[in-house]
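Peer 1: The structure is given below, and queries will be raised subsequently.
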Amino acid sequence: MNDINIEVSKIYYIGEKYSKLLQKIDILTLKDLVYYYPIKYEDSRNVINIEDIIIDNKNIIKGEITDIRSIYTKNRKNIINAQIEDGTGLAKIIWFNQPYITNNISKGTEVIISGNTSFEKGFCIFKSPQYEIVKENKENIHLSRITPIYNQTKGITSKWLRSRIKNVLDQINIEDYIPLEIRDKYDLLEINTALRKLHFPENFEDITQAKKRLGFEEILYIQIISYLRKEERKKRSSYKIIIDKSKIEEFINKLDFKLTESQIRSINEIYSDIEKDIPMNRLLEGDVGSGKTIVALITAYITYLNNLQTAIMVPTSVLAQQHYNNAKQLFKDIRIQLVTSKTKRIDRTASIFIGTHALLSNKEIFKNLGLVIIDEQHRFGIRQRETLVDKGYYPHILTMTATPIPRTLALGIYGDLDISRLDEMPKGRLKVKTYIVPDNRRADTYNFIKEKIKLKEQAFILCPLISESEKLQLKNVENEYKHLKENIFTTEKIVLLHGKTKDKDSILSRFKDREYDILVSTPIIEVGIDISNATIMLIEDAERFGLAQLHQLRGRVGRSSKESFCFLFTSNKDNERLKFFAKNNNGLELAEFDLRKRGPGEIYGKNQSGNPDLKMASLLDVELIKITKNAVVDIVKILDKYPALENEIRQAQNKILTIN
Ligand code: ADP
Ligand code: MG
């Protein structure tokens with residue numbers, strides 16, 4: 001099993017059924033499986049004697065099952081009652097609805113048990129605890145160690161993943177494409193060791209080391225591609241764009257606001273790029289609400305005046321629709337085409353195309369693509385971004401992001417980029433007042449929202465889940481919407497939105513047109529949504545979200561001169577992160593705080609980073625970026641000595657540089 005690209009269905013003990021489930025979490029190959037990182041760890045090393053059990057706490061014990069009975073209740077629910085002894089005492093165990101347990105455990109089986117312990121009728125009781133059978137000469141993989149926890153999906157548990165990953169790691173030997181001399185120089189683990197230490201660490205230092213090696217890989221990959229791309233770009237030429245200053249001024253003067261200094265500065269920086277025949281590659285960086293869209297649209301307008309086409313790519317259809325509506329209002333005489341997966345007919349004579357990744361699969365639509373704009377660029381993988389660029393002659397590229405990356409770091413990673421920054425908010429914006437609300441003030445909060453609605457303002461209410469989950473005790477929008485509509489906001493107009501809602505776009509535009517007062521939503525509205533009349537963002541289970549994500553969500557309000565509020569509800573009121581968030585409004589500082597506070601056993605994941613290229617590394621990790629930058633220089637020098645490395649890079653290169 002040394003071919004890491006074989007399909008998971010071919011792996012022993014996985015098969016067709018599970019490979020279908022794995023597909024849902026993007027695990028297609030053996031490599032994907034071993035690169036499926038834990039999200040966190042539980043330290044279950046501390047096995048104690050039954051006599052030392054602490055009531056109402058989580059305890060881990062090890063002993064022999066001395067009694068076990070399985071019964072069915074009248075309504076056909078299964079209950080297993082068992083008893084465990086370890087020489088120091090006796091404890092009881094109850095499992096509900098897991099009848100198969102008696103297939104594995106019987107009288108005399110030695111097991112480890114982990115779970116919360118209560119005290120009832122004179123006994124310590126574990127209710128539905130985790131368990132693992134102790135086998136002679138076999139190490140435990142689930143309990144009495146530092147146990148990895150994976151993101152679970154339907155039908156796939158952490159326990160299942162652990163044993164499959166263990167199986168695979170015991171057998172494979174992946175060829176390490178980072179050469180020994182580089183690993184030595186930068187003090188990096190060999191890849192097989194790194195993966196083993198990540199999934200089966202003996203201590204927390206193992207995890208730290210594994211994270212370093214795997215994070216190095218991620219950043220290195222981006223940097224090498226960026227390096228190669230820069231080389232490629234030097235050889236290409238682009239359309240020269242003529243700037244008609246008076247027309248643009250006329251356009252700007254018609255806007256219903258005055259551009260900020262930094263918007264004007266950025267526009268000028270863009271001008272001087274696109275006037276040349278070398279393709280522009282500029283990143284426009286600015287915190288949520290700083291006004292990036294108008295800078296992009298002005299650039300599109302200039303391009304239009306030169307009879308060239310513009311493509312604007314955004315990560316969600318909802319956002320595409322918003323930009324489309326926005327552009328149509330601004331440019332009454334220009335043909336604009338929306339391109340999402342639902343678009344049936346495309347007008348190829350349009351001048352501005354606004355869409356999702358569906359733009360990528362419509363290669364033929366462009367005649368003369370002069371400009372590519374990628375909004376929320378961190379949401380797209382580095383390869384995806386480049387695909388759109390491949391489509392045209394060689395267009396100018398403007399990418400936009402609110403992800404705060406200090407300038408020096410951004411240049412370090414994306415060596416091929418120039419950067420413009422919007423470092424001020426439009427005039428008259430107030431700081432969004434943020435509060436962690438104790439549950440006994442919930443009613444007051446709802447009343448406050450009602451008062452604001454009377455003043456014709458609007459509110460978002462956000463929950464992490466769409467529908468009820470057995471595993472997660474979190475609020476879901478379906479139940480919450482129903483409850484709020486029936487019991488709380490009975491006279492207000494309230495509407496529900498989530499990823500599976502049918503007419504998302506029309507609901508949002510109707511919310512924008514104030515047909516509704518309250519939008520109950522999942523984080524689907526996290527990126528880019530601009531509804532300036534909304535002044536309240538209420539977030540349930542706020543501790544579930546990363547600070548960067550909370551900052552994005554909070555950025556949906558405070559988009560006018562009206563005072564805005566962000567209310568956080570949480571089961572964890574002492575949450576240090578949330579307290580920091582409530583006090584701080586600076587995206588960069590929030591992201592840095594999150595990075596600093598991340599313990600060795602916490603893994604960022606691509607959901608938190610919001611960046612499909614990054615599961616392990618953070619773009620704020622100064623040290624890592626420095627060393628990978630040096631490594632790129634080293635690696636490029638020795639490329640021809642290492643076929644595996646060269647191959648890996650060629651593969652990456654082929655994927656991104658198949659131009660024409
Ligand atoms: P982001 O940078 O988060 O993408 P947007 O481009 O969506 O921000 O802008 C946020 C809001 O601010 C929009 O409603 C936009 O029309 C408005 N806006 C942009 N620039 C200015 C400005 N200079 N003065 C006032 N409002 C502005
Ligand atoms: Mg935006």
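So you can find residues: chains in the structure tokens are A, B, ... in the order shown, residues in each start at 1, and ligands are numbered from 1 in order.
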Residues at most 10 Å from Leu188 in chain A, counting only C-alpha atoms, excluding those fewer than 3 positions away in the same chain, as a PyMOL selection string?
Peer 2: chain A and resi 178+180+182-185+191+194+209-214+216
Peer 1: Just want the residues within 12 Å of ligand 2, written as a PyMOL selection string, counting only C-alpha atoms and all ligand atoms.
Peer 2: chain A and resi 284-297+312-316+319-320+322-323+326+373-377+399-403+525-531+552+555-556+559
Peer 1: Could you dump the residues just selected with C-alpha atoms as a PDB file, in the first residue's frame?
Peer 2:
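Wrote result-v3.pdb, looks like this:
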ATOM      1  CA  LEU A 284      -6.798  44.805  -2.388  1.00  0.00           C
ATOM      2  CA  GLU A 285      -6.894  44.305   1.316  1.00  0.00           C
ATOM      3  CA  GLY A 286      -9.368  45.984   3.662  1.00  0.00           C
ATOM      4  CA  ASP A 287     -11.298  45.083   6.763  1.00  0.00           C
ATOM      5  CA  VAL A 288     -14.992  44.193   6.501  1.00  0.00           C
ATOM      6  CA  GLY A 289     -17.006  47.223   5.477  1.00  0.00           C
ATOM      7  CA  SER A 290     -14.068  49.276   4.250  1.00  0.00           C
ATOM      8  CA  GLY A 291     -15.626  49.551   0.789  1.00  0.00           C
ATOM      9  CA  LYS A 292     -13.716  47.224  -1.520  1.00  0.00           C
ATOM     10  CA  THR A 293     -16.601  46.590  -3.899  1.00  0.00           C
ATOM     11  CA  ILE A 294     -16.754  50.093  -5.318  1.00  0.00           C
ATOM     12  CA  VAL A 295     -13.019  50.048  -6.031  1.00  0.00           C
ATOM     13  CA  ALA A 296     -13.536  46.839  -7.972  1.00  0.00           C
ATOM     14  CA  LEU A 297     -16.518  48.189  -9.871  1.00  0.00           C
ATOM     15  CA  ILE A 312     -15.944  39.074 -11.148  1.00  0.00           C
ATOM     16  CA  MET A 313     -15.797  35.834  -9.204  1.00  0.00           C
ATOM     17  CA  VAL A 314     -17.228  35.492  -5.696  1.00  0.00           C
ATOM     18  CA  PRO A 315     -17.534  32.487  -3.383  1.00  0.00           C
ATOM     19  CA  THR A 316     -21.330  32.263  -2.961  1.00  0.00           C
ATOM     20  CA  LEU A 319     -22.996  37.298  -2.954  1.00  0.00           C
ATOM     21  CA  ALA A 320     -22.924  37.058  -6.744  1.00  0.00           C
ATOM     22  CA  GLN A 322     -25.822  41.057  -4.523  1.00  0.00           C
ATOM     23  CA  HIS A 323     -22.926  42.317  -6.626  1.00  0.00           C
ATOM     24  CA  ASN A 326     -25.411  46.519  -7.221  1.00  0.00           C
ATOM     25  CA  ILE A 373     -11.645  40.365 -10.098  1.00  0.00           C
ATOM     26  CA  ILE A 374     -11.758  37.782  -7.350  1.00  0.00           C
ATOM     27  CA  ASP A 375     -13.674  38.843  -4.275  1.00  0.00           C
ATOM     28  CA  GLU A 376     -12.973  37.118  -0.950  1.00  0.00           C
ATOM     29  CA  GLN A 377      -9.971  35.554  -2.639  1.00  0.00           C
ATOM     30  CA  THR A 399      -8.017  40.016  -5.859  1.00  0.00           C
ATOM     31  CA  MET A 400      -9.753  41.248  -2.742  1.00  0.00           C
ATOM     32  CA  THR A 401      -9.759  40.033   0.814  1.00  0.00           C
ATOM     33  CA  ALA A 402     -10.689  41.084   4.305  1.00  0.00           C
ATOM     34  CA  THR A 403      -8.329  38.499   5.773  1.00  0.00           C
ATOM     35  CA  ILE A 525     -24.351  35.219   5.305  1.00  0.00           C
ATOM     36  CA  GLU A 526     -20.834  35.396   6.674  1.00  0.00           C
ATOM     37  CA  VAL A 527     -19.130  36.717   3.596  1.00  0.00           C
ATOM     38  CA  GLY A 528     -19.768  39.960   1.837  1.00  0.00           C
ATOM     39  CA  ILE A 529     -23.472  40.498   2.461  1.00  0.00           C
ATOM     40  CA  ASP A 530     -24.216  44.202   2.507  1.00  0.00           C
ATOM     41  CA  ILE A 531     -27.476  45.340   4.058  1.00  0.00           C
ATOM     42  CA  GLN A 552     -16.956  38.738   9.538  1.00  0.00           C
ATOM     43  CA  GLY A 555     -19.172  43.122   9.939  1.00  0.00           C
ATOM     44  CA  ARG A 556     -22.647  42.539   8.467  1.00  0.00           C
ATOM     45  CA  ARG A 559     -22.569  49.579   7.604  1.00  0.00           C
TER      46      ARG A 559
END
Peer 1: At a cut-off of 8 Å, using only C-alpha atoms, what residues contact Ile243 in chain A? Leave out same-chain residues fewer than 4 positions from it and give the result as an mmCIF file with all heavy atoms, in the first residue's frame.
Peer 2:
data_model
loop_
_atom_site.group_PDB
_atom_site.id
_atom_site.type_symbol
_atom_site.label_atom_id
_atom_site.label_comp_id
_atom_site.auth_asym_id
_atom_site.auth_seq_id
_atom_site.Cartn_x
_atom_site.Cartn_y
_atom_site.Cartn_z
ATOM 1 N N TYR A 271 -4.725 51.990 -11.503
ATOM 2 C CA TYR A 271 -4.510 52.663 -12.793
ATOM 3 C C TYR A 271 -3.098 52.452 -13.307
ATOM 4 O O TYR A 271 -2.883 52.105 -14.461
ATOM 5 C CB TYR A 271 -4.642 54.186 -12.654
ATOM 6 C CG TYR A 271 -6.036 54.713 -12.525
ATOM 7 C CD1 TYR A 271 -6.240 56.070 -12.306
ATOM 8 C CD2 TYR A 271 -7.135 53.881 -12.640
ATOM 9 C CE1 TYR A 271 -7.500 56.596 -12.175
ATOM 10 C CE2 TYR A 271 -8.410 54.405 -12.503
ATOM 11 C CZ TYR A 271 -8.584 55.748 -12.271
ATOM 12 O OH TYR A 271 -9.819 56.269 -12.144
ATOM 13 N N GLU A 275 -2.312 50.419 -16.925
ATOM 14 C CA GLU A 275 -1.861 51.201 -18.077
ATOM 15 C C GLU A 275 -0.692 50.529 -18.790
ATOM 16 O O GLU A 275 -0.342 50.885 -19.897
ATOM 17 C CB GLU A 275 -1.404 52.592 -17.612
ATOM 18 C CG GLU A 275 -2.545 53.573 -17.485
ATOM 19 C CD GLU A 275 -2.077 54.927 -16.966
ATOM 20 O OE1 GLU A 275 -1.118 54.968 -16.167
ATOM 21 O OE2 GLU A 275 -2.677 55.932 -17.368
ATOM 22 N N ILE A 302 -13.640 51.093 -15.992
ATOM 23 C CA ILE A 302 -12.537 51.514 -16.865
ATOM 24 C C ILE A 302 -12.306 50.469 -17.955
ATOM 25 O O ILE A 302 -12.109 50.787 -19.125
ATOM 26 C CB ILE A 302 -11.225 51.668 -16.062
ATOM 27 C CG1 ILE A 302 -11.415 52.668 -14.929
ATOM 28 C CG2 ILE A 302 -10.076 52.090 -16.966
ATOM 29 C CD1 ILE A 302 -10.284 52.681 -13.934
#
Peer 1: I'd like the interatomic distance between atom 25 (C, counted along the ligand's line) of ligand 1 and CA of Gln263 in chain A, to a tenth of an Å.
Peer 2: 10.6 Å
Peer 1: Do a neighbour search on Val111 in chain A at 7 Å with only C-alpha atoms, toss out local chain neighbours closer than 2 positions, and write the hits as JSON, numbers by chain.
Peer 2: {"A": [62, 63, 64, 109, 113, 131, 132, 133, 134]}
Peer 1: Once you count only C-alpha atoms, what closest atom pair and distance in Å to one decimal does each residue of range 93-157 of chain A within 12 Å of range 579-601 of chain A have, with rows by chain and rising residue number, as CSV?
Peer 2:
residue,atom,partner,partner_atom,distance
A:Ile146,CA,A:Gly601,CA,9.3
A:Thr147,CA,A:Gly601,CA,10.1
A:Pro148,CA,A:Gly601,CA,8.9
A:Ile149,CA,A:Gly601,CA,10.1
Peer 1: Please produce a file of those selected residues containing N, CA, C and O atoms, as an mmCIF file, in the first residue's frame.
Peer 2:
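The new file selection_11.cif reads:
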data_model
loop_
_atom_site.group_PDB
_atom_site.id
_atom_site.type_symbol
_atom_site.label_atom_id
_atom_site.label_comp_id
_atom_site.auth_asym_id
_atom_site.auth_seq_id
_atom_site.Cartn_x
_atom_site.Cartn_y
_atom_site.Cartn_z
ATOM 1 N N ILE A 146 -3.471 10.202 24.297
ATOM 2 C CA ILE A 146 -3.951 11.488 23.793
ATOM 3 C C ILE A 146 -4.759 11.164 22.550
ATOM 4 O O ILE A 146 -4.220 10.763 21.526
ATOM 5 N N THR A 147 -6.058 11.298 22.663
ATOM 6 C CA THR A 147 -6.951 10.778 21.635
ATOM 7 C C THR A 147 -7.335 11.864 20.633
ATOM 8 O O THR A 147 -7.857 12.901 21.021
ATOM 9 N N PRO A 148 -7.087 11.610 19.349
ATOM 10 C CA PRO A 148 -7.503 12.601 18.353
ATOM 11 C C PRO A 148 -9.015 12.587 18.150
ATOM 12 O O PRO A 148 -9.637 11.534 18.157
ATOM 13 N N ILE A 149 -9.579 13.769 17.997
ATOM 14 C CA ILE A 149 -11.010 13.893 17.698
ATOM 15 C C ILE A 149 -11.113 14.476 16.294
ATOM 16 O O ILE A 149 -10.470 15.473 15.980
#
Peer 1: Let me make sure I understand: among A:Lys107, A:Lys10, A:Lys342, A:Lys230, which one has the smallest atom-to-atom distance to Leu359 in chain A if we use only C-alpha atoms?
Peer 2: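 Looking only at the distances to Leu359 in chain A, the closest residue turns out to be A:Lys342.
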Peer 1: I'd like to know which of A:Ile354, A:Leu330, A:Ile627, A:Met616 is closest to ligand 1, using only C-alpha atoms and all ligand atoms.
Peer 2: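 Using only C-alpha atoms and all ligand atoms, the shortest distance to ligand 1 belongs to A:Leu330.
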Peer 1: Thr349 in chain A: which residues within 10 Å, counting only C-alpha atoms, same-chain residues fewer than 3 positions away excluded, as a PyMOL selection string?
Peer 2: chain A and resi 309+335-337+346+352+365-367
Peer 1: Next, write the just-selected residues to a file, as a compact mmCIF listing (two decimals), in the first residue's frame, keeping N, CA and C atoms as the atom set.
Peer 2:
# COMPACT_ATOMS: atom_id res chain seq x y z
N GLN A 309 -13.75 42.91 -21.56
CA GLN A 309 -14.66 42.28 -20.59
C GLN A 309 -14.03 42.14 -19.21
N ARG A 335 -24.06 46.01 -20.31
CA ARG A 335 -24.62 44.66 -20.22
C ARG A 335 -23.87 43.86 -19.17
N ILE A 336 -24.65 43.35 -18.24
CA ILE A 336 -24.04 42.59 -17.16
C ILE A 336 -24.67 41.21 -17.13
N GLN A 337 -23.87 40.19 -16.97
CA GLN A 337 -24.38 38.81 -16.98
C GLN A 337 -24.05 38.13 -15.67
N ILE A 346 -26.27 32.31 -21.36
CA ILE A 346 -25.30 33.35 -21.08
C ILE A 346 -25.18 34.28 -22.29
N ILE A 352 -19.67 42.80 -18.42
CA ILE A 352 -19.25 42.41 -17.07
C ILE A 352 -19.96 41.11 -16.69
N ILE A 365 -17.03 31.53 -22.69
CA ILE A 365 -17.88 32.71 -22.77
C ILE A 365 -17.15 34.01 -23.07
N PHE A 366 -15.88 34.07 -22.75
CA PHE A 366 -15.22 35.36 -22.89
C PHE A 366 -14.63 35.56 -24.28
N LYS A 367 -14.79 36.76 -24.79
CA LYS A 367 -14.18 37.10 -26.08
C LYS A 367 -12.85 37.81 -25.86
Peer 1: Find, counting only C-alpha atoms, the residue in A:Ile219, A:His142, A:Ile298, A:Arg265 that gets nearest to Ile248 in chain A.
Peer 2: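 Of A:Ile219, A:His142, A:Ile298, A:Arg265, the one nearest Ile248 in chain A, counting only C-alpha atoms, is A:Ile298.
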Peer 1: Between A:Ser44, A:Ser420, A:Asn49, A:Thr102, which residue has the minimum interatomic distance to Asp67 in chain A, considering only C-alpha atoms?
Peer 2: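 The shortest atom-to-atom distance to Asp67 in chain A comes from A:Thr102.
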Peer 1: Excluding His396 in chain A and any residue of its chain fewer than 4 positions from it, enumerate the residues within 12 Å of it, using only C-alpha atoms, and give them as a PyMOL selection string.
Peer 2: chain A and resi 233+236-241+270-283+299-300+303+308-312+368-374+386+388-392+417
Peer 1: May I have the residues from that selection written out with N, CA and C atoms, as a compact mmCIF listing (two decimals), in the first residue's frame?
Peer 2:
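That gives us out_34.txt:
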# COMPACT_ATOMS: atom_id res chain seq x y z
N ARG A 233 4.56 34.84 -15.39
CA ARG A 233 3.92 36.11 -15.67
C ARG A 233 4.86 37.10 -16.36
N ARG A 236 4.57 37.11 -19.98
CA ARG A 236 3.27 37.33 -20.62
C ARG A 236 2.98 38.81 -20.84
N SER A 237 2.10 39.07 -21.79
CA SER A 237 1.67 40.46 -21.90
C SER A 237 0.16 40.55 -21.83
N SER A 238 -0.30 41.75 -21.54
CA SER A 238 -1.70 41.97 -21.24
C SER A 238 -2.21 43.15 -22.05
N TYR A 239 -3.52 43.35 -22.02
CA TYR A 239 -4.07 44.53 -22.69
C TYR A 239 -3.64 45.80 -21.97
N LYS A 240 -3.21 46.77 -22.73
CA LYS A 240 -2.96 48.09 -22.15
C LYS A 240 -4.30 48.79 -22.01
N ILE A 241 -4.55 49.35 -20.88
CA ILE A 241 -5.85 50.00 -20.69
C ILE A 241 -5.66 51.52 -20.61
N ILE A 270 -4.09 51.01 -8.93
CA ILE A 270 -4.58 50.09 -9.95
C ILE A 270 -4.38 50.69 -11.36
N TYR A 271 -4.72 51.99 -11.50
CA TYR A 271 -4.51 52.66 -12.79
C TYR A 271 -3.10 52.45 -13.31
N SER A 272 -2.15 52.72 -12.44
CA SER A 272 -0.78 52.71 -12.95
C SER A 272 -0.35 51.29 -13.33
N ASP A 273 -0.99 50.28 -12.76
CA ASP A 273 -0.73 48.90 -13.18
C ASP A 273 -1.31 48.60 -14.55
N ILE A 274 -2.59 48.92 -14.72
CA ILE A 274 -3.27 48.45 -15.93
C ILE A 274 -2.96 49.29 -17.15
N GLU A 275 -2.31 50.42 -16.92
CA GLU A 275 -1.86 51.20 -18.08
C GLU A 275 -0.69 50.53 -18.79
N LYS A 276 -0.09 49.57 -18.09
CA LYS A 276 1.06 48.87 -18.69
C LYS A 276 0.59 47.60 -19.38
N ASP A 277 1.45 47.04 -20.24
CA ASP A 277 1.02 45.79 -20.88
C ASP A 277 1.49 44.55 -20.13
N ILE A 278 2.07 44.75 -18.94
CA ILE A 278 2.37 43.61 -18.07
C ILE A 278 1.12 43.35 -17.23
N PRO A 279 0.73 42.08 -17.11
CA PRO A 279 -0.51 41.85 -16.36
C PRO A 279 -0.42 42.31 -14.90
N MET A 280 -1.43 43.03 -14.47
CA MET A 280 -1.51 43.42 -13.06
C MET A 280 -1.79 42.19 -12.22
N ASN A 281 -1.22 42.13 -11.05
CA ASN A 281 -1.60 41.11 -10.08
C ASN A 281 -1.63 41.77 -8.71
N ARG A 282 -2.75 42.36 -8.40
CA ARG A 282 -2.81 43.19 -7.19
C ARG A 282 -3.84 42.65 -6.21
N LEU A 283 -3.46 42.68 -4.94
CA LEU A 283 -4.37 42.30 -3.87
C LEU A 283 -4.89 43.55 -3.19
N THR A 299 -12.88 49.82 -11.37
CA THR A 299 -11.90 49.18 -12.25
C THR A 299 -12.60 48.47 -13.41
N ALA A 300 -13.72 47.83 -13.10
CA ALA A 300 -14.48 47.16 -14.16
C ALA A 300 -15.00 48.19 -15.17
N THR A 303 -12.35 49.24 -17.56
CA THR A 303 -12.14 48.14 -18.50
C THR A 303 -13.22 48.16 -19.58
N LEU A 308 -13.31 46.08 -23.21
CA LEU A 308 -12.82 44.77 -22.76
C LEU A 308 -13.79 44.23 -21.71
N GLN A 309 -13.75 42.91 -21.56
CA GLN A 309 -14.66 42.28 -20.59
C GLN A 309 -14.03 42.14 -19.21
N THR A 310 -14.91 42.10 -18.23
CA THR A 310 -14.47 41.87 -16.85
C THR A 310 -15.21 40.66 -16.29
N ALA A 311 -14.51 39.82 -15.56
CA ALA A 311 -15.17 38.73 -14.83
C ALA A 311 -14.96 38.96 -13.35
N ILE A 312 -16.05 38.92 -12.60
CA ILE A 312 -15.94 39.07 -11.15
C ILE A 312 -16.38 37.76 -10.51
N ASN A 368 -12.90 38.78 -24.99
CA ASN A 368 -11.69 39.56 -24.72
C ASN A 368 -11.65 39.97 -23.25
N LEU A 369 -11.25 39.03 -22.46
CA LEU A 369 -11.25 39.23 -21.02
C LEU A 369 -10.05 40.09 -20.62
N GLY A 370 -10.35 41.30 -20.18
CA GLY A 370 -9.26 42.20 -19.84
C GLY A 370 -8.95 42.24 -18.35
N LEU A 371 -9.97 41.91 -17.56
CA LEU A 371 -9.80 42.05 -16.11
C LEU A 371 -10.52 40.92 -15.38
N VAL A 372 -9.83 40.34 -14.42
CA VAL A 372 -10.45 39.35 -13.55
C VAL A 372 -10.42 39.91 -12.13
N ILE A 373 -11.59 39.92 -11.50
CA ILE A 373 -11.64 40.37 -10.10
C ILE A 373 -12.10 39.18 -9.26
N ILE A 374 -11.37 38.89 -8.22
CA ILE A 374 -11.76 37.78 -7.35
C ILE A 374 -12.02 38.33 -5.96
N GLU A 386 -6.29 30.56 -10.30
CA GLU A 386 -5.53 30.68 -11.52
C GLU A 386 -6.32 30.20 -12.74
N LEU A 388 -9.31 30.73 -13.73
CA LEU A 388 -10.04 31.79 -14.41
C LEU A 388 -9.08 32.67 -15.20
N VAL A 389 -7.94 32.86 -14.64
CA VAL A 389 -6.93 33.66 -15.31
C VAL A 389 -6.51 33.01 -16.63
N ASP A 390 -6.52 31.69 -16.65
CA ASP A 390 -6.14 30.98 -17.88
C ASP A 390 -7.06 31.29 -19.04
N LYS A 391 -8.27 31.75 -18.74
CA LYS A 391 -9.28 31.83 -19.77
C LYS A 391 -9.01 32.87 -20.83
N GLY A 392 -8.45 33.97 -20.46
CA GLY A 392 -8.37 35.05 -21.41
C GLY A 392 -7.04 35.12 -22.12
N LEU A 417 2.65 39.21 -5.77
CA LEU A 417 1.55 40.16 -5.64
C LEU A 417 2.00 41.57 -5.31
Peer 1: Near range 510-513 of chain A, counting only C-alpha atoms, which residues have an atom at most 10 Å away, once you skip same-chain residues fewer than 4 positions from it, shown as a list in words?
Peer 2: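 After dropping sequence-adjacent residues, the list is Gln322, Gln458, Ala459, Lys493, Ile494, Val495, Lys504, Asp505, Ser506, Asp517, Ile518, Leu519, Ile529, Asp530, Ile531, Ser532, Asn533 and Ala534 of chain A.
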Peer 1: Using only C-alpha atoms and all ligand atoms, find the one residue out of A:Asn325, A:Ser262, A:Thr445, A:Thr491 that sits nearest to ligand 1.
Peer 2: A:Ser262
Peer 1: Find, counting only C-alpha atoms and all ligand atoms, the residue in A:Leu259, A:Lys344, A:Val557, A:Gly428 that gets nearest to ligand 1.
Peer 2: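 Nearest to ligand 1: A:Leu259.
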